>>> print(open('upload-v9.pdb').read())   # PDB, C-alpha atoms
MODEL        1
ATOM      1  CA  MET A   1       0.000   0.000   0.000
ATOM      2  CA  ALA A   2       1.402   3.405  -0.949
ATOM      3  CA  SER A   3       1.628   6.315   1.456
ATOM      4  CA  GLU A   4       3.208   9.742   1.439
ATOM      5  CA  ILE A   5       6.201  10.321   3.684
ATOM      6  CA  GLY A   6       8.465  13.157   4.776
ATOM      7  CA  LEU A   7      12.210  13.365   5.150
ATOM      8  CA  ASP A   8      12.276  12.035   8.721
ATOM      9  CA  ARG A   9      10.317   8.944   7.763
ATOM     10  CA  LEU A  10      12.549   8.483   4.722
ATOM     11  CA  HIS A  11      15.611   8.320   6.955
ATOM     12  CA  GLU A  12      13.873   5.722   9.109
ATOM     13  CA  LEU A  13      12.946   3.609   6.124
ATOM     14  CA  LEU A  14      16.427   3.792   4.629
ATOM     15  CA  ALA A  15      17.905   2.700   7.940
ATOM     16  CA  ALA A  16      15.511  -0.239   7.818
ATOM     17  CA  GLY A  17      16.697  -1.235   4.358
ATOM     18  CA  ALA A  18      14.184   0.451   2.075
ATOM     19  CA  GLN A  19      14.884   0.668  -1.651
ATOM     20  CA  LEU A  20      14.968   4.060  -3.328
ATOM     21  CA  VAL A  21      13.569   4.623  -6.803
ATOM     22  CA  GLU A  22      13.956   7.884  -8.698
ATOM     23  CA  VAL A  23      11.292   8.189 -11.393
ATOM     24  CA  LEU A  24      12.772  11.245 -13.104
ATOM     25  CA  PRO A  25      14.265  10.909 -16.623
ATOM     26  CA  ALA A  26      17.617   9.129 -16.905
ATOM     27  CA  GLU A  27      19.530  12.343 -17.597
ATOM     28  CA  ASP A  28      18.272  13.906 -14.360
ATOM     29  CA  TYR A  29      19.161  10.759 -12.454
ATOM     30  CA  ALA A  30      22.649  10.742 -13.991
ATOM     31  CA  LYS A  31      23.347  14.283 -12.797
ATOM     32  CA  ALA A  32      22.434  13.657  -9.174
ATOM     33  CA  HIS A  33      20.378  11.168  -7.241
ATOM     34  CA  LEU A  34      19.953  10.073  -3.675
ATOM     35  CA  PRO A  35      22.655   7.647  -2.512
ATOM     36  CA  GLY A  36      21.786   4.111  -3.508
ATOM     37  CA  ALA A  37      18.757   5.055  -5.581
ATOM     38  CA  ILE A  38      17.980   3.232  -8.786
ATOM     39  CA  ASN A  39      16.323   4.876 -11.770
ATOM     40  CA  ILE A  40      13.039   3.715 -13.184
ATOM     41  CA  PRO A  41      11.730   6.622 -15.298
ATOM     42  CA  LEU A  42       8.027   7.164 -14.826
ATOM     43  CA  ALA A  43       7.203   5.863 -18.316
ATOM     44  CA  LYS A  44       8.845   2.554 -17.425
ATOM     45  CA  VAL A  45       7.095   2.019 -14.121
ATOM     46  CA  ASP A  46       5.291  -1.155 -15.107
ATOM     47  CA  GLU A  47       5.463  -4.814 -14.151
ATOM     48  CA  ARG A  48       8.668  -5.325 -16.117
ATOM     49  CA  GLY A  49      10.301  -2.080 -14.964
ATOM     50  CA  VAL A  50       9.814  -2.818 -11.286
ATOM     51  CA  SER A  51      10.904  -6.432 -11.570
ATOM     52  CA  VAL A  52      14.351  -5.411 -10.296
ATOM     53  CA  LEU A  53      12.876  -4.485  -6.928
ATOM     54  CA  ASP A  54      12.832  -6.741  -3.914
ATOM     55  CA  ARG A  55       9.173  -7.067  -3.030
ATOM     56  CA  SER A  56       9.992  -8.078   0.517
ATOM     57  CA  ARG A  57      11.460  -4.645   1.336
ATOM     58  CA  PRO A  58       9.834  -1.211   1.411
ATOM     59  CA  VAL A  59      10.174   0.866  -1.746
ATOM     60  CA  VAL A  60      10.429   4.658  -1.637
ATOM     61  CA  VAL A  61       9.612   6.345  -4.934
ATOM     62  CA  TYR A  62      10.521   9.990  -5.452
ATOM     63  CA  CYS A  63      10.549  12.630  -8.150
ATOM     64  CA  TRP A  64      11.753  16.232  -8.066
ATOM     65  CA  ASP A  65       9.299  17.826  -5.695
ATOM     66  CA  PRO A  66       6.264  16.762  -3.689
ATOM     67  CA  LEU A  67       3.706  18.091  -6.195
TER
ATOM     68  CA  MET B   1       5.724  14.849   1.333
ATOM     69  CA  PHE B   2       9.214  14.353   0.071
ATOM     70  CA  GLY B   3      10.985  14.965  -3.244
ATOM     71  CA  LYS B   4      14.568  15.163  -4.483
ATOM     72  CA  VAL B   5      14.501  18.911  -3.994
ATOM     73  CA  ASP B   6      13.864  18.399  -0.265
ATOM     74  CA  TRP B   7      16.895  16.160  -0.006
ATOM     75  CA  LEU B   8      19.046  18.766  -1.754
ATOM     76  CA  ALA B   9      17.536  21.569   0.309
ATOM     77  CA  HIS B  10      18.787  19.863   3.466
ATOM     78  CA  ASN B  11      22.315  19.688   2.038
ATOM     79  CA  LEU B  12      22.363  15.907   2.120
ATOM     80  CA  ALA B  13      24.861  13.957   0.023
ATOM     81  CA  VAL B  14      23.986  12.801  -3.483
ATOM     82  CA  GLU B  15      25.595  10.587  -6.100
ATOM     83  CA  GLY B  16      25.998  11.267  -9.817
ATOM     84  CA  GLU B  17      27.866  13.309 -12.413
ATOM     85  CA  ARG B  18      26.905  16.562 -10.705
ATOM     86  CA  ALA B  19      27.078  15.323  -7.138
ATOM     87  CA  THR B  20      29.339  18.164  -6.064
ATOM     88  CA  PRO B  21      28.233  21.192  -8.081
ATOM     89  CA  PRO B  22      29.108  24.654  -6.799
ATOM     90  CA  THR B  23      26.068  25.335  -4.647
ATOM     91  CA  ALA B  24      25.470  27.365  -1.528
ATOM     92  CA  GLY B  25      25.624  24.155   0.483
ATOM     93  CA  ARG B  26      29.043  23.231  -0.880
ATOM     94  CA  LEU B  27      30.466  26.738  -0.482
ATOM     95  CA  MET B  28      29.081  27.679   2.897
ATOM     96  CA  ARG B  29      31.129  28.123   6.043
ATOM     97  CA  ASP B  30      29.787  27.094   9.417
ATOM     98  CA  ASP B  31      32.006  29.178  11.687
ATOM     99  CA  VAL B  32      29.771  32.241  11.784
ATOM    100  CA  VAL B  33      29.057  33.506  15.297
ATOM    101  CA  ARG B  34      25.855  32.014  16.652
ATOM    102  CA  CYS B  35      24.127  33.264  19.736
ATOM    103  CA  ALA B  36      20.868  32.889  21.602
ATOM    104  CA  PRO B  37      18.272  35.653  21.933
ATOM    105  CA  GLY B  38      19.065  35.949  25.625
ATOM    106  CA  ASP B  39      22.802  36.385  25.207
ATOM    107  CA  PRO B  40      24.147  39.774  26.357
ATOM    108  CA  VAL B  41      25.195  42.286  23.732
ATOM    109  CA  GLY B  42      28.683  42.574  25.239
ATOM    110  CA  ASP B  43      29.393  38.853  24.839
ATOM    111  CA  VAL B  44      28.151  38.793  21.253
ATOM    112  CA  ARG B  45      30.125  41.890  20.350
ATOM    113  CA  ALA B  46      33.295  40.262  21.690
ATOM    114  CA  ALA B  47      32.591  37.073  19.731
ATOM    115  CA  ILE B  48      32.094  39.027  16.502
ATOM    116  CA  GLU B  49      35.352  40.901  17.062
ATOM    117  CA  ARG B  50      37.152  37.563  17.296
ATOM    118  CA  SER B  51      35.518  36.312  14.084
ATOM    119  CA  PRO B  52      35.961  37.200  10.401
ATOM    120  CA  TYR B  53      32.299  38.209  10.172
ATOM    121  CA  PRO B  54      30.693  41.587  10.749
ATOM    122  CA  PHE B  55      27.543  40.029  12.199
ATOM    123  CA  ALA B  56      26.203  37.212  14.347
ATOM    124  CA  LEU B  57      23.219  34.972  13.746
ATOM    125  CA  VAL B  58      20.665  34.415  16.456
ATOM    126  CA  THR B  59      19.252  30.933  16.775
ATOM    127  CA  ALA B  60      16.722  29.227  18.993
ATOM    128  CA  ALA B  61      17.693  26.217  21.086
ATOM    129  CA  ASN B  62      16.641  23.901  18.239
ATOM    130  CA  GLY B  63      18.996  25.601  15.768
ATOM    131  CA  MET B  64      16.303  27.570  13.968
ATOM    132  CA  LEU B  65      17.410  30.967  12.728
ATOM    133  CA  VAL B  66      15.460  33.738  14.406
ATOM    134  CA  GLY B  67      17.475  36.860  13.657
ATOM    135  CA  ARG B  68      20.717  38.641  12.861
ATOM    136  CA  VAL B  69      22.698  41.313  14.675
ATOM    137  CA  ARG B  70      25.317  43.438  12.947
ATOM    138  CA  ALA B  71      28.415  44.614  14.757
ATOM    139  CA  SER B  72      27.263  48.189  14.220
ATOM    140  CA  GLN B  73      24.126  47.458  16.278
ATOM    141  CA  LEU B  74      26.097  46.355  19.313
ATOM    142  CA  ASP B  75      27.457  49.639  20.621
ATOM    143  CA  GLY B  76      24.780  50.013  23.306
ATOM    144  CA  ASP B  77      24.198  48.506  26.746
ATOM    145  CA  PRO B  78      26.451  45.420  26.997
ATOM    146  CA  ASP B  79      23.978  43.746  29.345
ATOM    147  CA  GLU B  80      20.993  44.056  27.015
ATOM    148  CA  ALA B  81      19.824  40.823  25.368
ATOM    149  CA  VAL B  82      20.583  40.594  21.639
ATOM    150  CA  GLY B  83      17.019  39.410  21.134
ATOM    151  CA  GLU B  84      15.883  42.941  21.937
ATOM    152  CA  ILE B  85      17.822  44.527  19.099
ATOM    153  CA  MET B  86      18.209  41.807  16.468
ATOM    154  CA  GLU B  87      16.759  42.038  12.986
ATOM    155  CA  LEU B  88      14.010  39.446  12.784
ATOM    156  CA  ALA B  89      13.787  36.826  10.040
ATOM    157  CA  PRO B  90      16.691  37.820   7.794
ATOM    158  CA  SER B  91      16.602  36.729   4.159
ATOM    159  CA  THR B  92      17.961  33.227   3.558
ATOM    160  CA  VAL B  93      18.709  30.789   0.748
ATOM    161  CA  ARG B  94      18.544  27.008   0.516
ATOM    162  CA  PRO B  95      21.761  24.988   0.135
ATOM    163  CA  HIS B  96      20.964  23.735  -3.367
ATOM    164  CA  ARG B  97      20.985  27.286  -4.787
ATOM    165  CA  SER B  98      23.659  27.355  -7.499
ATOM    166  CA  ALA B  99      26.741  29.507  -7.072
ATOM    167  CA  ALA B 100      25.848  31.484 -10.182
ATOM    168  CA  ASP B 101      22.315  32.230  -8.963
ATOM    169  CA  LEU B 102      23.608  33.103  -5.534
ATOM    170  CA  ALA B 103      26.295  35.427  -6.881
ATOM    171  CA  LYS B 104      23.697  37.245  -8.978
ATOM    172  CA  ARG B 105      21.260  37.513  -6.073
ATOM    173  CA  LEU B 106      23.917  38.994  -3.813
ATOM    174  CA  ALA B 107      25.186  41.376  -6.490
ATOM    175  CA  ASP B 108      21.647  42.537  -7.347
ATOM    176  CA  ARG B 109      21.025  43.341  -3.682
ATOM    177  CA  ASP B 110      24.528  44.646  -3.030
ATOM    178  CA  LEU B 111      25.037  42.107  -0.254
ATOM    179  CA  ARG B 112      28.287  40.447   0.820
ATOM    180  CA  TRP B 113      26.866  37.418   2.596
ATOM    181  CA  ALA B 114      24.064  34.901   2.166
ATOM    182  CA  ILE B 115      22.614  32.950   5.061
ATOM    183  CA  VAL B 116      21.906  29.299   4.300
ATOM    184  CA  THR B 117      19.116  27.411   6.060
ATOM    185  CA  THR B 118      17.025  24.312   5.534
ATOM    186  CA  PRO B 119      13.433  24.840   4.327
ATOM    187  CA  GLU B 120      12.345  24.661   7.967
ATOM    188  CA  GLY B 121      14.737  27.465   8.915
ATOM    189  CA  ARG B 122      17.530  25.540  10.622
ATOM    190  CA  LEU B 123      20.764  27.467  10.233
ATOM    191  CA  LEU B 124      23.417  25.682   8.147
ATOM    192  CA  GLY B 125      26.001  28.397   7.463
ATOM    193  CA  VAL B 126      26.879  31.443   5.401
ATOM    194  CA  VAL B 127      28.359  32.000   1.941
ATOM    195  CA  SER B 128      30.354  35.032   0.919
ATOM    196  CA  ARG B 129      29.612  36.798  -2.337
ATOM    197  CA  ALA B 130      33.303  36.491  -3.241
ATOM    198  CA  ASP B 131      33.177  32.707  -2.826
ATOM    199  CA  ALA B 132      29.965  32.456  -4.861
ATOM    200  CA  GLU B 133      31.360  34.609  -7.658
ATOM    201  CA  GLY B 134      34.625  32.685  -7.710
ATOM    202  CA  ALA B 135      32.894  29.319  -7.873
ATOM    203  CA  ALA B 136      30.466  30.506 -10.541
ATOM    204  CA  ALA B 137      33.347  31.725 -12.692
ATOM    205  CA  LYS B 138      35.060  28.326 -12.501
ATOM    206  CA  ASP B 139      31.925  26.286 -13.212
TER
ENDMDL
END
>>> encode(input="upload-v9.pdb", output="structure tokens")
Amino acid sequence: MASEIGLDRLHELLAAGAQLVEVLPAEDYAKAHLPGAINIPLAKVDERGVSVLDRSRPVVVYCWDPL
Amino acid sequence: MFGKVDWLAHNLAVEGERATPPTAGRLMRDDVVRCAPGDPVGDVRAAIERSPYPFALVTAANGMLVGRVRASQLDGDPDEAVGEIMELAPSTVRPHRSAADLAKRLADRDLRWAIVTTPEGRLLGVVSRADAEGAAAKD
């Protein structure tokens, strides 16, 4: 189930082993991304695109801003 | 809610080709004089005189920026609290502001220093206009 989180909760989840996914375009990801994040551009967020994720661990998906 | 901009705005580390761009967060210094609103003017004046800065930043116990006092404001009663004379809510920038943008902002306003805080207002440091201009020229 998806839920919105803030920075404090993000730190907690990362400490607990959460996976980070940046959904911005590849060129934005290449410039700078959160440590350990993988890139799955929004257009590729489908069954195949997310197959690299470990479904047993939390997944945090982020883009540029909260909007 | 959280986004990449929030991460950058808290000056947290990133990875990638532009992981260390010249930004306010990379250029800032954290040795500016900090004081509490209740600190006496005389103590703050002495601290400023020992520092390379012509001002001190006033923070709450939780590190939130609440004001600024310039050396020129501290000629009065040395026992008065700086909170009584400080300038409230000085202008600030976030740490992911680029050096070029910061240099232009400071030049446009004829300022020599920028104060860097998180989006919530926690003081991180200060950046000089000279440092911002130098970094922007090299970038």
>>> interface_residues(input="upload-v9.pdb", of="chain B", to="chain A", cutoff="8 Å", atoms="all atoms listed in the file", output="list in words")
Met1, Phe2, Gly3, Lys4, Val5, Asp6, Trp7, Ala13, Val14, Glu15, Gly16, Glu17, Arg18 and Ala19 of chain B
>>> write_last_selection(input="upload-v9.pdb", atoms="C-alpha atoms", output="mmCIF file, keeping the file's coordinate frame")
data_model
loop_
_atom_site.group_PDB
_atom_site.id
_atom_site.type_symbol
_atom_site.label_atom_id
_atom_site.label_comp_id
_atom_site.auth_asym_id
_atom_site.auth_seq_id
_atom_site.Cartn_x
_atom_site.Cartn_y
_atom_site.Cartn_z
ATOM 1 C CA MET B 1 5.724 14.849 1.333
ATOM 2 C CA PHE B 2 9.214 14.353 0.071
ATOM 3 C CA GLY B 3 10.985 14.965 -3.244
ATOM 4 C CA LYS B 4 14.568 15.163 -4.483
ATOM 5 C CA VAL B 5 14.501 18.911 -3.994
ATOM 6 C CA ASP B 6 13.864 18.399 -0.265
ATOM 7 C CA TRP B 7 16.895 16.160 -0.006
ATOM 8 C CA ALA B 13 24.861 13.957 0.023
ATOM 9 C CA VAL B 14 23.986 12.801 -3.483
ATOM 10 C CA GLU B 15 25.595 10.587 -6.100
ATOM 11 C CA GLY B 16 25.998 11.267 -9.817
ATOM 12 C CA GLU B 17 27.866 13.309 -12.413
ATOM 13 C CA ARG B 18 26.905 16.562 -10.705
ATOM 14 C CA ALA B 19 27.078 15.323 -7.138
#
>>> resolve_selection(input="upload-v9.pdb", expression="the PyMOL selection byres ((chain B and resi 104-108) around 12)", output="JSON, numbers by chain")
{"B": [24, 91, 92, 93, 97, 98, 99, 100, 101, 102, 103, 109, 110, 111, 112, 113, 114, 115, 127, 128, 129, 130, 131, 132, 133, 134, 136, 137]}
>>> resolve_selection(input="upload-v9.pdb", expression="the PyMOL selection byres ((chain B and resi 46-55) around 9)", output="list in words")
Asp31, Val32, Val33, Arg34, Val41, Gly42, Asp43, Val44, Arg45, Ala56, Leu57, Arg68, Val69, Arg70, Ala71 and Ser72 of chain B
>>> resolve_selection(input="upload-v9.pdb", expression="the PyMOL selection byres ((chain A and resi 16-18) around 12)", output="list in words")
Arg9, Leu10, His11, Glu12, Leu13, Leu14, Ala15, Gln19, Leu20, Val21, Gly36, Ala37, Ile38, Leu53, Asp54, Arg55, Ser56, Arg57, Pro58, Val59, Val60 and Val61 of chain A
>>> axis_aligned_box(input="upload-v9.pdb", around="stretch 22-31 of chain A", padding_each_side="4 Å", output="lines of an AutoDock Vina configuration file")
center_x = 17.3
center_y = 11.1
center_z = -13.1
size_x = 20.1
size_y = 14.4
size_z = 16.9
>>> residues_around(input="upload-v9.pdb", residues="B:Thr118", least_positions_apart="3", cutoff="10 Å", atoms="only C-alpha atoms", output="PyMOL selection string")
chain B and resi 6-11+25+64-65+92-96+121-124
>>> atom_distance(input="upload-v9.pdb", atom1="atom CA of B:Ala36", atom2="atom CA of B:Thr23")
27.8 Å
>>> atom_distance(input="upload-v9.pdb", atom1="atom CA of B:Thr117", atom2="atom CA of B:Met86")
17.8 Å
>>> atom_distance(input="upload-v9.pdb", atom1="atom CA of B:Ala89", atom2="atom CA of B:Thr59")
10.5 Å
